[in-house]
$ cat upload-v4.pdb   # PDB, C-alpha atoms
ATOM      1  CA  MET A  25      74.556  11.037  21.770
ATOM      2  CA  ASN A  26      76.315  13.715  23.783
ATOM      3  CA  ILE A  27      74.692  17.105  24.167
ATOM      4  CA  PRO A  28      76.887  20.178  23.637
ATOM      5  CA  ALA A  29      77.688  21.982  26.865
ATOM      6  CA  ARG A  30      76.142  25.193  25.542
ATOM      7  CA  THR A  31      72.714  23.555  25.605
ATOM      8  CA  MET A  32      72.879  22.700  29.299
ATOM      9  CA  VAL A  33      72.531  25.242  32.082
ATOM     10  CA  ALA A  34      74.763  24.545  35.077
ATOM     11  CA  THR A  35      72.749  23.056  37.895
ATOM     12  CA  THR A  36      73.062  22.300  41.559
ATOM     13  CA  ALA A  37      71.082  19.104  41.107
ATOM     14  CA  ALA A  38      73.478  17.109  43.279
ATOM     15  CA  LEU A  39      72.191  19.135  46.226
ATOM     16  CA  VAL A  40      68.525  18.502  45.528
ATOM     17  CA  SER A  41      66.819  16.530  48.258
ATOM     18  CA  VAL A  42      64.807  13.394  47.563
ATOM     19  CA  ALA A  43      61.675  15.274  48.542
ATOM     20  CA  ALA A  44      62.297  17.773  45.776
ATOM     21  CA  LEU A  45      62.335  15.020  43.179
ATOM     22  CA  SER A  46      58.721  13.983  43.561
ATOM     23  CA  GLY A  47      58.047  14.066  39.841
ATOM     24  CA  CYS A  48      54.478  15.319  39.995
ATOM     25  CA  THR A  49      53.844  17.299  43.151
ATOM     26  CA  SER A  50      55.397  20.540  44.239
ATOM     27  CA  ALA A  51      58.993  20.880  43.150
ATOM     28  CA  PRO A  52      61.132  22.834  45.610
ATOM     29  CA  GLY A  53      64.796  23.091  44.853
ATOM     30  CA  PRO A  54      66.604  23.467  41.547
ATOM     31  CA  VAL A  55      66.816  20.628  39.105
ATOM     32  CA  GLY A  56      67.867  22.734  36.155
ATOM     33  CA  LYS A  57      66.860  23.502  32.619
ATOM     34  CA  ALA A  58      65.955  20.647  30.299
ATOM     35  CA  VAL A  59      68.622  19.856  27.783
ATOM     36  CA  SER A  60      67.883  20.747  24.197
ATOM     37  CA  ALA A  61      69.413  19.377  21.017
ATOM     38  CA  ALA A  62      68.295  18.541  17.497
ATOM     39  CA  VAL A  63      67.569  14.856  17.008
ATOM     40  CA  GLU A  64      67.462  13.465  13.496
ATOM     41  CA  THR A  65      66.086  10.068  14.450
ATOM     42  CA  ALA A  66      62.949  11.090  16.344
ATOM     43  CA  PRO A  67      60.229   8.678  15.172
ATOM     44  CA  THR A  68      56.878   9.898  13.948
ATOM     45  CA  SER A  69      53.605   8.100  13.504
ATOM     46  CA  PRO A  70      54.090   5.622  10.638
ATOM     47  CA  ALA A  71      51.120   6.984   8.662
ATOM     48  CA  ALA A  72      51.878  10.594   9.465
ATOM     49  CA  ASP A  73      52.343  13.586   7.207
ATOM     50  CA  ALA A  74      53.780  16.353   9.348
ATOM     51  CA  ILE A  75      52.025  19.688   9.079
ATOM     52  CA  ALA A  76      52.966  23.040  10.567
ATOM     53  CA  LEU A  77      51.109  24.793  13.315
ATOM     54  CA  SER A  78      49.538  28.034  12.221
ATOM     55  CA  PRO A  79      51.710  31.172  12.485
ATOM     56  CA  GLU A  80      49.286  32.442  15.137
ATOM     57  CA  THR A  81      49.770  29.321  17.269
ATOM     58  CA  GLU A  82      53.546  29.418  16.899
ATOM     59  CA  ALA A  83      53.497  33.085  17.874
ATOM     60  CA  ALA A  84      51.378  32.257  20.932
ATOM     61  CA  LEU A  85      53.847  29.588  22.055
ATOM     62  CA  ALA A  86      56.806  31.888  21.464
ATOM     63  CA  ALA A  87      55.080  34.598  23.529
ATOM     64  CA  LEU A  88      54.583  32.109  26.381
ATOM     65  CA  GLU A  89      58.276  31.257  26.257
ATOM     66  CA  VAL A  90      59.133  34.928  26.691
ATOM     67  CA  GLU A  91      56.541  35.474  29.426
ATOM     68  CA  TYR A  92      57.701  32.484  31.478
ATOM     69  CA  ASP A  93      61.401  32.630  30.469
ATOM     70  CA  ALA A  94      61.114  29.023  29.385
ATOM     71  CA  GLN A  95      61.262  26.594  26.499
ATOM     72  CA  ILE A  96      58.193  24.724  25.280
ATOM     73  CA  GLY A  97      58.360  21.486  23.350
ATOM     74  CA  PHE A  98      55.181  20.104  21.796
ATOM     75  CA  ALA A  99      54.254  17.178  19.584
ATOM     76  CA  GLY A 100      50.797  16.045  18.575
ATOM     77  CA  ILE A 101      49.356  13.141  16.604
ATOM     78  CA  ASP A 102      45.879  12.981  15.096
ATOM     79  CA  VAL A 103      44.985   9.368  15.890
ATOM     80  CA  GLU A 104      42.627   8.849  12.953
ATOM     81  CA  SER A 105      44.630  10.483  10.159
ATOM     82  CA  GLY A 106      48.137  10.077  11.573
ATOM     83  CA  ARG A 107      48.853  13.757  10.944
ATOM     84  CA  THR A 108      51.586  15.075  13.206
ATOM     85  CA  THR A 109      52.616  18.547  14.198
ATOM     86  CA  GLY A 110      54.962  20.097  16.684
ATOM     87  CA  TYR A 111      56.951  22.975  18.110
ATOM     88  CA  ARG A 112      60.560  22.352  19.168
ATOM     89  CA  ALA A 113      59.436  18.755  18.727
ATOM     90  CA  GLU A 114      62.933  17.364  18.203
ATOM     91  CA  GLU A 115      64.701  19.156  21.034
ATOM     92  CA  ARG A 116      65.548  17.284  24.211
ATOM     93  CA  TYR A 117      63.840  17.662  27.574
ATOM     94  CA  LEU A 118      63.990  15.719  30.821
ATOM     95  CA  PHE A 119      61.005  13.377  30.834
ATOM     96  CA  ALA A 120      60.746  13.212  34.663
ATOM     97  CA  SER A 121      57.732  11.228  35.895
ATOM     98  CA  ALA A 122      55.986  11.260  32.527
ATOM     99  CA  VAL A 123      58.041   8.130  31.849
ATOM    100  CA  LYS A 124      55.813   6.261  34.292
ATOM    101  CA  ALA A 125      53.175   6.017  31.579
ATOM    102  CA  LEU A 126      55.625   4.246  29.274
ATOM    103  CA  ALA A 127      56.839   2.002  32.096
ATOM    104  CA  ALA A 128      53.273   0.940  32.878
ATOM    105  CA  ALA A 129      52.689   0.285  29.184
ATOM    106  CA  ALA A 130      55.855  -1.813  29.000
ATOM    107  CA  LEU A 131      54.694  -3.837  32.002
ATOM    108  CA  LEU A 132      51.408  -4.551  30.246
ATOM    109  CA  ARG A 133      53.248  -5.599  27.112
ATOM    110  CA  GLU A 134      55.787  -7.826  28.839
ATOM    111  CA  THR A 135      53.563  -9.665  31.338
ATOM    112  CA  THR A 136      50.425 -11.762  31.343
ATOM    113  CA  SER A 137      47.371 -10.923  33.410
ATOM    114  CA  ALA A 138      48.331 -13.677  35.848
ATOM    115  CA  GLU A 139      51.863 -12.307  36.197
ATOM    116  CA  ARG A 140      50.505  -8.845  36.902
ATOM    117  CA  SER A 141      48.486 -10.351  39.750
ATOM    118  CA  GLU A 142      51.667 -11.456  41.547
ATOM    119  CA  ARG A 143      52.135  -9.674  44.873
ATOM    120  CA  VAL A 144      55.340  -7.707  45.414
ATOM    121  CA  THR A 145      56.875  -6.508  48.675
ATOM    122  CA  TRP A 146      59.542  -3.934  49.459
ATOM    123  CA  THR A 147      61.174  -2.270  52.437
ATOM    124  CA  ALA A 148      60.941   1.056  54.192
ATOM    125  CA  GLU A 149      64.476   1.693  52.955
ATOM    126  CA  ASP A 150      63.267   1.287  49.357
ATOM    127  CA  VAL A 151      60.616   3.932  49.924
ATOM    128  CA  ALA A 152      63.033   6.318  51.604
ATOM    129  CA  ALA A 153      65.506   5.976  48.758
ATOM    130  CA  ALA A 154      62.881   6.529  46.062
ATOM    131  CA  GLY A 155      61.290   9.632  47.556
ATOM    132  CA  TYR A 156      57.694  10.564  46.815
ATOM    133  CA  SER A 157      55.701   7.335  47.309
ATOM    134  CA  PRO A 158      52.201   8.121  48.608
ATOM    135  CA  VAL A 159      50.810   4.644  47.880
ATOM    136  CA  THR A 160      53.672   2.237  48.465
ATOM    137  CA  GLU A 161      54.609   3.853  51.777
ATOM    138  CA  LEU A 162      51.253   2.604  53.088
ATOM    139  CA  HIS A 163      51.781  -0.997  51.938
ATOM    140  CA  ILE A 164      55.237  -1.928  53.196
ATOM    141  CA  GLU A 165      53.792  -4.758  55.257
ATOM    142  CA  ASP A 166      51.301  -6.259  52.797
ATOM    143  CA  GLY A 167      52.695  -5.240  49.393
ATOM    144  CA  LEU A 168      50.783  -4.752  46.145
ATOM    145  CA  THR A 169      50.356  -6.590  42.863
ATOM    146  CA  TYR A 170      52.226  -5.444  39.776
ATOM    147  CA  ALA A 171      48.943  -4.138  38.374
ATOM    148  CA  GLU A 172      48.362  -2.118  41.533
ATOM    149  CA  LEU A 173      51.904  -0.786  41.340
ATOM    150  CA  ALA A 174      51.338   0.360  37.762
ATOM    151  CA  GLU A 175      48.141   2.082  38.801
ATOM    152  CA  ALA A 176      49.984   3.816  41.665
ATOM    153  CA  ALA A 177      52.781   4.909  39.348
ATOM    154  CA  VAL A 178      50.429   6.409  36.753
ATOM    155  CA  ARG A 179      47.631   7.791  38.914
ATOM    156  CA  LYS A 180      49.644   8.923  41.938
ATOM    157  CA  SER A 181      53.147   9.210  40.423
ATOM    158  CA  ASP A 182      54.504   6.856  43.076
ATOM    159  CA  ASN A 183      58.300   6.629  42.774
ATOM    160  CA  THR A 184      58.793   3.294  44.525
ATOM    161  CA  ALA A 185      56.127   1.787  42.291
ATOM    162  CA  LEU A 186      58.049   2.897  39.216
ATOM    163  CA  ASN A 187      61.273   1.375  40.526
ATOM    164  CA  LEU A 188      59.553  -1.963  41.158
ATOM    165  CA  ILE A 189      58.022  -1.919  37.668
ATOM    166  CA  LEU A 190      61.438  -1.186  36.193
ATOM    167  CA  ASP A 191      62.825  -4.190  38.089
ATOM    168  CA  ARG A 192      60.143  -6.359  36.463
ATOM    169  CA  VAL A 193      60.888  -5.231  32.894
ATOM    170  CA  GLY A 194      64.674  -5.463  33.160
ATOM    171  CA  GLY A 195      65.571  -2.177  34.807
ATOM    172  CA  PRO A 196      65.944   1.190  33.092
ATOM    173  CA  ASN A 197      67.889  -0.508  30.311
ATOM    174  CA  GLY A 198      65.081  -3.010  29.868
ATOM    175  CA  LEU A 199      62.526  -0.243  29.361
ATOM    176  CA  ASP A 200      64.937   1.571  27.066
ATOM    177  CA  ASN A 201      65.316  -1.570  24.954
ATOM    178  CA  ILE A 202      61.548  -2.108  24.760
ATOM    179  CA  LEU A 203      61.041   1.431  23.497
ATOM    180  CA  ALA A 204      63.849   1.030  20.963
ATOM    181  CA  GLU A 205      62.385  -2.241  19.689
ATOM    182  CA  LEU A 206      59.056  -0.480  19.160
ATOM    183  CA  GLY A 207      60.691   2.276  17.133
ATOM    184  CA  ASP A 208      61.924   4.850  19.654
ATOM    185  CA  PRO A 209      65.744   4.983  19.785
ATOM    186  CA  VAL A 210      65.614   8.581  21.052
ATOM    187  CA  THR A 211      64.121   8.335  24.554
ATOM    188  CA  GLU A 212      67.015   7.454  26.874
ATOM    189  CA  VAL A 213      65.953   5.704  30.079
ATOM    190  CA  VAL A 214      69.080   5.446  32.216
ATOM    191  CA  ASP A 215      68.170   5.905  35.886
ATOM    192  CA  ARG A 216      65.587   4.963  38.475
ATOM    193  CA  GLU A 217      63.777   7.276  40.872
ATOM    194  CA  PRO A 218      64.837   9.728  42.103
ATOM    195  CA  ASP A 219      67.944  10.061  39.911
ATOM    196  CA  LEU A 220      65.998  10.265  36.648
ATOM    197  CA  ASN A 221      65.003  13.812  37.648
ATOM    198  CA  ARG A 222      68.585  15.074  37.619
ATOM    199  CA  PRO A 223      70.027  16.368  34.340
ATOM    200  CA  VAL A 224      73.463  14.976  33.515
ATOM    201  CA  PRO A 225      75.668  17.636  31.900
ATOM    202  CA  GLY A 226      76.905  16.546  28.484
ATOM    203  CA  SER A 227      74.579  13.549  28.370
ATOM    204  CA  ASP A 228      71.130  12.738  27.006
ATOM    205  CA  ALA A 229      70.399  10.440  29.984
ATOM    206  CA  ASN A 230      66.770  10.552  31.104
ATOM    207  CA  THR A 231      65.747  12.841  28.263
ATOM    208  CA  THR A 232      63.479  12.530  25.274
ATOM    209  CA  THR A 233      62.080  14.661  22.504
ATOM    210  CA  PRO A 234      58.391  15.535  22.311
ATOM    211  CA  ALA A 235      58.215  13.811  18.907
ATOM    212  CA  ALA A 236      59.765  10.584  20.176
ATOM    213  CA  PHE A 237      57.893  10.353  23.460
ATOM    214  CA  THR A 238      54.512  11.207  21.951
ATOM    215  CA  SER A 239      54.984   8.641  19.200
ATOM    216  CA  SER A 240      55.891   5.968  21.753
ATOM    217  CA  LEU A 241      52.843   6.759  23.840
ATOM    218  CA  ALA A 242      50.651   6.711  20.734
ATOM    219  CA  ARG A 243      51.879   3.225  19.838
ATOM    220  CA  PHE A 244      50.401   2.013  23.118
ATOM    221  CA  LEU A 245      47.296   4.191  23.315
ATOM    222  CA  THR A 246      46.210   3.378  19.772
ATOM    223  CA  GLY A 247      46.701  -0.332  20.357
ATOM    224  CA  ALA A 248      49.491  -0.754  17.819
ATOM    225  CA  ALA A 249      51.927  -2.034  20.422
ATOM    226  CA  PHE A 250      49.710  -4.411  22.387
ATOM    227  CA  THR A 251      46.226  -5.865  22.830
ATOM    228  CA  GLU A 252      42.976  -3.938  23.016
ATOM    229  CA  GLU A 253      42.507  -5.095  26.606
ATOM    230  CA  ASP A 254      45.894  -3.710  27.601
ATOM    231  CA  ARG A 255      45.239  -0.493  25.685
ATOM    232  CA  GLN A 256      42.022   0.010  27.615
ATOM    233  CA  GLN A 257      43.816  -0.707  30.893
ATOM    234  CA  LEU A 258      46.457   1.942  30.212
ATOM    235  CA  MET A 259      43.745   4.426  29.221
ATOM    236  CA  ASP A 260      41.898   3.672  32.459
ATOM    237  CA  TRP A 261      44.997   4.315  34.561
ATOM    238  CA  MET A 262      45.715   7.581  32.748
ATOM    239  CA  SER A 263      42.068   8.665  32.948
ATOM    240  CA  GLY A 264      42.305   8.411  36.715
ATOM    241  CA  ASN A 265      45.515  10.442  36.968
ATOM    242  CA  ALA A 266      45.341  12.593  40.086
ATOM    243  CA  THR A 267      48.219  14.916  39.190
ATOM    244  CA  GLY A 268      47.105  16.456  35.901
ATOM    245  CA  ASP A 269      44.066  18.609  36.595
ATOM    246  CA  SER A 270      46.011  21.865  36.209
ATOM    247  CA  LEU A 271      47.900  20.843  33.055
ATOM    248  CA  ILE A 272      46.572  19.740  29.615
ATOM    249  CA  ARG A 273      43.165  19.058  31.161
ATOM    250  CA  ALA A 274      42.947  22.671  32.338
ATOM    251  CA  GLY A 275      43.838  23.983  28.888
ATOM    252  CA  ALA A 276      41.548  21.731  26.880
ATOM    253  CA  PRO A 277      38.329  23.251  25.506
ATOM    254  CA  GLU A 278      35.116  22.554  27.384
ATOM    255  CA  GLY A 279      33.791  19.067  26.759
ATOM    256  CA  TRP A 280      37.126  17.517  25.791
ATOM    257  CA  VAL A 281      38.159  14.350  27.647
ATOM    258  CA  VAL A 282      41.772  14.058  28.783
ATOM    259  CA  ALA A 283      43.720  11.002  30.000
ATOM    260  CA  ASP A 284      47.230  12.039  30.975
ATOM    261  CA  LYS A 285      50.461  11.497  32.879
ATOM    262  CA  SER A 286      52.409  14.412  34.249
ATOM    263  CA  GLY A 287      56.013  14.856  35.264
ATOM    264  CA  GLY A 288      57.911  17.616  36.969
ATOM    265  CA  ALA A 289      61.013  18.540  38.928
ATOM    266  CA  GLY A 290      62.547  21.936  39.605
ATOM    267  CA  GLY A 291      61.964  24.040  36.502
ATOM    268  CA  VAL A 292      60.744  21.126  34.368
ATOM    269  CA  ARG A 293      57.037  20.429  33.922
ATOM    270  CA  ASN A 294      55.606  17.980  31.384
ATOM    271  CA  ASP A 295      52.284  16.398  30.539
ATOM    272  CA  VAL A 296      51.513  13.687  27.984
ATOM    273  CA  ALA A 297      47.936  12.838  27.150
ATOM    274  CA  HIS A 298      45.281  11.213  25.013
ATOM    275  CA  VAL A 299      42.581  13.818  24.353
ATOM    276  CA  THR A 300      39.191  13.381  22.727
ATOM    277  CA  SER A 301      36.956  16.141  21.359
ATOM    278  CA  PRO A 302      33.184  16.156  21.957
ATOM    279  CA  GLU A 303      32.839  14.948  18.350
ATOM    280  CA  GLY A 304      35.016  11.915  19.111
ATOM    281  CA  LYS A 305      38.260  13.002  17.398
ATOM    282  CA  ALA A 306      41.274  11.691  19.296
ATOM    283  CA  TYR A 307      44.791  13.068  19.618
ATOM    284  CA  VAL A 308      47.940  12.130  21.513
ATOM    285  CA  LEU A 309      49.838  15.142  22.843
ATOM    286  CA  GLY A 310      53.109  15.756  24.608
ATOM    287  CA  ILE A 311      53.931  19.134  26.150
ATOM    288  CA  PHE A 312      57.382  19.506  27.720
ATOM    289  CA  THR A 313      58.475  22.726  29.401
ATOM    290  CA  ALA A 314      61.657  23.952  31.064
ATOM    291  CA  ARG A 315      62.398  27.255  32.735
ATOM    292  CA  ASN A 316      65.630  28.853  31.536
ATOM    293  CA  ASP A 317      66.680  29.854  35.042
ATOM    294  CA  PRO A 318      67.917  26.657  36.743
ATOM    295  CA  ASP A 319      66.730  28.009  40.095
ATOM    296  CA  ALA A 320      63.183  28.698  38.883
ATOM    297  CA  LYS A 321      60.293  26.422  39.777
ATOM    298  CA  TYR A 322      57.898  25.107  37.189
ATOM    299  CA  ASP A 323      54.496  26.687  36.634
ATOM    300  CA  ASP A 324      51.516  24.510  35.677
ATOM    301  CA  THR A 325      49.836  27.383  33.880
ATOM    302  CA  LEU A 326      52.602  27.357  31.260
ATOM    303  CA  VAL A 327      51.567  23.820  30.297
ATOM    304  CA  SER A 328      47.827  24.557  30.401
ATOM    305  CA  ARG A 329      48.170  27.698  28.301
ATOM    306  CA  ALA A 330      50.358  25.882  25.778
ATOM    307  CA  ALA A 331      47.729  23.129  25.608
ATOM    308  CA  ALA A 332      45.002  25.681  25.020
ATOM    309  CA  ALA A 333      47.004  27.187  22.151
ATOM    310  CA  VAL A 334      47.713  23.937  20.331
ATOM    311  CA  LEU A 335      44.205  22.538  20.804
ATOM    312  CA  ALA A 336      42.757  25.708  19.299
ATOM    313  CA  ASP A 337      44.971  25.270  16.222
ATOM    314  CA  ALA A 338      43.457  24.239  12.902
ATOM    315  CA  TRP A 339      45.511  21.021  13.114
ATOM    316  CA  ALA A 340      43.234  19.803  15.894
ATOM    317  CA  HIS A 341      39.958  20.443  14.063
TER     318      HIS A 341
END
$ encode --input "upload-v4.pdb" --output "structure tokens"
Amino acid sequence: MNIPARTMVATTAALVSVAALSGCTSAPGPVGKAVSAAVETAPTSPAADAIALSPETEAALAALEVEYDAQIGFAGIDVESGRTTGYRAEERYLFASAVKALAAAALLRETTSAERSERVTWTAEDVAAAGYSPVTELHIEDGLTYAELAEAAVRKSDNTALNLILDRVGGPNGLDNILAELGDPVTEVVDREPDLNRPVPGSDANTTTPAAFTSSLARFLTGAAFTEEDRQQLMDWMSGNATGDSLIRAGAPEGWVVADKSGGAGGVRNDVAHVTSPEGKAYVLGIFTARNDPDAKYDDTLVSRAAAAVLADAWAH
């Protein structure tokens, strides 16, 4: 599906350096505003009855958009009841490195434990081309197993690790097909790192909607898409994420447990998570943000404050 030109802010993304496309660390340099378009086919949780956020919560999110000159997209699923809610939930945003959670899940689904123990090697040129690779840059000589690569991609947002996982599942198109087969025809995985961080004018490449992405993640995190062992492995990787402390985790009420995967580039900052209340109620959330000024840098507090607003909503209690 093509996105009307009026929904895309012109960007100088072609000039962005590889270092600026780290996905989950600092994000110097413009990447541009996330694209935004209504999507009629965004999947929801199969058992879900969508409910609206309270007017107070919607007003709080709208006020944050004004304060930060940004757009906020949110989707949430109550794991037990299947109830869904959202805000701009069917508008498109760049997914950036948040897609690493889905890639790791696809690897778990498509491989056996023995296959994930296979050791993989790569070159210094692979690391240089991918950009931010804090784990794989240290293992050029000895390599890592596929399981270790998935852990590096989710916990450290390692770009080379993502590219190697994509190779194992059939490339970006392979991951895209897996998601479509599981019920998500909306998320469009087209490029590898670092190109997936660059918006493509007039295209939905490397974008998703909060509703679609959150539903895909929920299929894995609730065990509907693969075994309990693999579900627990994905949860473990996300629980150890080192890049999300200032995002949904920072906005969650005291005592809530958050397992997440962040993404970010330029003015785009996202976080997707499984959150559990002290009483044991579980939710899957996706918060996607994009500054309207293509030269603006993202701000983690926008995500954390949005998380605080939606987790205080009656929907989550």
$ resolve_selection --input "upload-v4.pdb" --expression "the PyMOL selection byres ((chain A and resi 82) around 12)" --output "list in words"
Ala76, Leu77, Ser78, Pro79, Glu80, Thr81, Ala83, Ala84, Leu85, Ala86, Ala87, Leu88, Glu89, Ile96, Gly97, Phe98, Thr109, Gly110, Tyr111, Arg112, Ala330, Ala333, Val334, Ala336 and Asp337 of chain A
$ residues_around --input "upload-v4.pdb" --residues "A:Ala249" --least-positions-apart "2" --cutoff "12 Å" --atoms "only C-alpha atoms" --output "count of residues only"
26
$ residues_near_point --input "upload-v4.pdb" --point "(36.0, 24.8, 26.4)" --cutoff "12 Å" --atoms "only C-alpha atoms" --output "VMD selection string"
chain A and resid 273 to 281 301 to 302 331 to 332 335 to 336
$ residues_around --input "upload-v4.pdb" --residues "A:Phe119" --least-positions-apart "6" --cutoff "9 Å" --atoms "only C-alpha atoms" --output "ChimeraX atom specification"
/A:58,211,220-221,230-233,237,287-288,292-294,312
$ write_last_selection --input "upload-v4.pdb" --atoms "C-alpha atoms" --output "PDB file, in the coordinates of the input"
ATOM      1  CA  ALA A  58      65.955  20.647  30.299  1.00  0.00           C
ATOM      2  CA  THR A 211      64.121   8.335  24.554  1.00  0.00           C
ATOM      3  CA  LEU A 220      65.998  10.265  36.648  1.00  0.00           C
ATOM      4  CA  ASN A 221      65.003  13.812  37.648  1.00  0.00           C
ATOM      5  CA  ASN A 230      66.770  10.552  31.104  1.00  0.00           C
ATOM      6  CA  THR A 231      65.747  12.841  28.263  1.00  0.00           C
ATOM      7  CA  THR A 232      63.479  12.530  25.274  1.00  0.00           C
ATOM      8  CA  THR A 233      62.080  14.661  22.504  1.00  0.00           C
ATOM      9  CA  PHE A 237      57.893  10.353  23.460  1.00  0.00           C
ATOM     10  CA  GLY A 287      56.013  14.856  35.264  1.00  0.00           C
ATOM     11  CA  GLY A 288      57.911  17.616  36.969  1.00  0.00           C
ATOM     12  CA  VAL A 292      60.744  21.126  34.368  1.00  0.00           C
ATOM     13  CA  ARG A 293      57.037  20.429  33.922  1.00  0.00           C
ATOM     14  CA  ASN A 294      55.606  17.980  31.384  1.00  0.00           C
ATOM     15  CA  PHE A 312      57.382  19.506  27.720  1.00  0.00           C
TER      16      PHE A 312
END
$ closest_atom_pairs --input "upload-v4.pdb" --of "stretch 204-266 of chain A" --to "stretch 178-198 of chain A" --cutoff "6 Å" --atoms "only C-alpha atoms" --output "tab-separated table"
residue	atom	partner	partner_atom	distance
A:Val213	CA	A:Pro196	CA	5.4
A:Val214	CA	A:Pro196	CA	5.4
A:Asp215	CA	A:Pro196	CA	5.9
A:Arg216	CA	A:Asn187	CA	6.0
A:Glu217	CA	A:Asn183	CA	5.8
A:Gly264	CA	A:Arg179	CA	5.8
A:Asn265	CA	A:Arg179	CA	3.9
A:Ala266	CA	A:Arg179	CA	5.4
$ axis_aligned_box --input "upload-v4.pdb" --around "stretch 139-152 of chain A" --padding-each-side "6 Å" --output "lines of an AutoDock Vina configuration file"
center_x = 56.5
center_y = -3.0
center_z = 45.2
size_x = 28.0
size_y = 30.6
size_z = 30.0
$ closest_residue --input "upload-v4.pdb" --among "A:Leu173, A:Leu271, A:Val103, A:Met262" --to "A:Lys285" --atoms "all atoms listed in the file"
A:Met262
$ resolve_selection --input "upload-v4.pdb" --expression "the PyMOL selection byres ((chain A and resi 316) around 7)" --output "list in words"
Lys57, Asp93, Ala94, Ala314, Arg315, Asp317 and Pro318 of chain A
$ resolve_selection --input "upload-v4.pdb" --expression "the PyMOL selection byres ((chain A and resi 310) around 7)" --output "VMD selection string"
chain A and resid 98 to 100 234 238 295 to 297 309 311 to 312
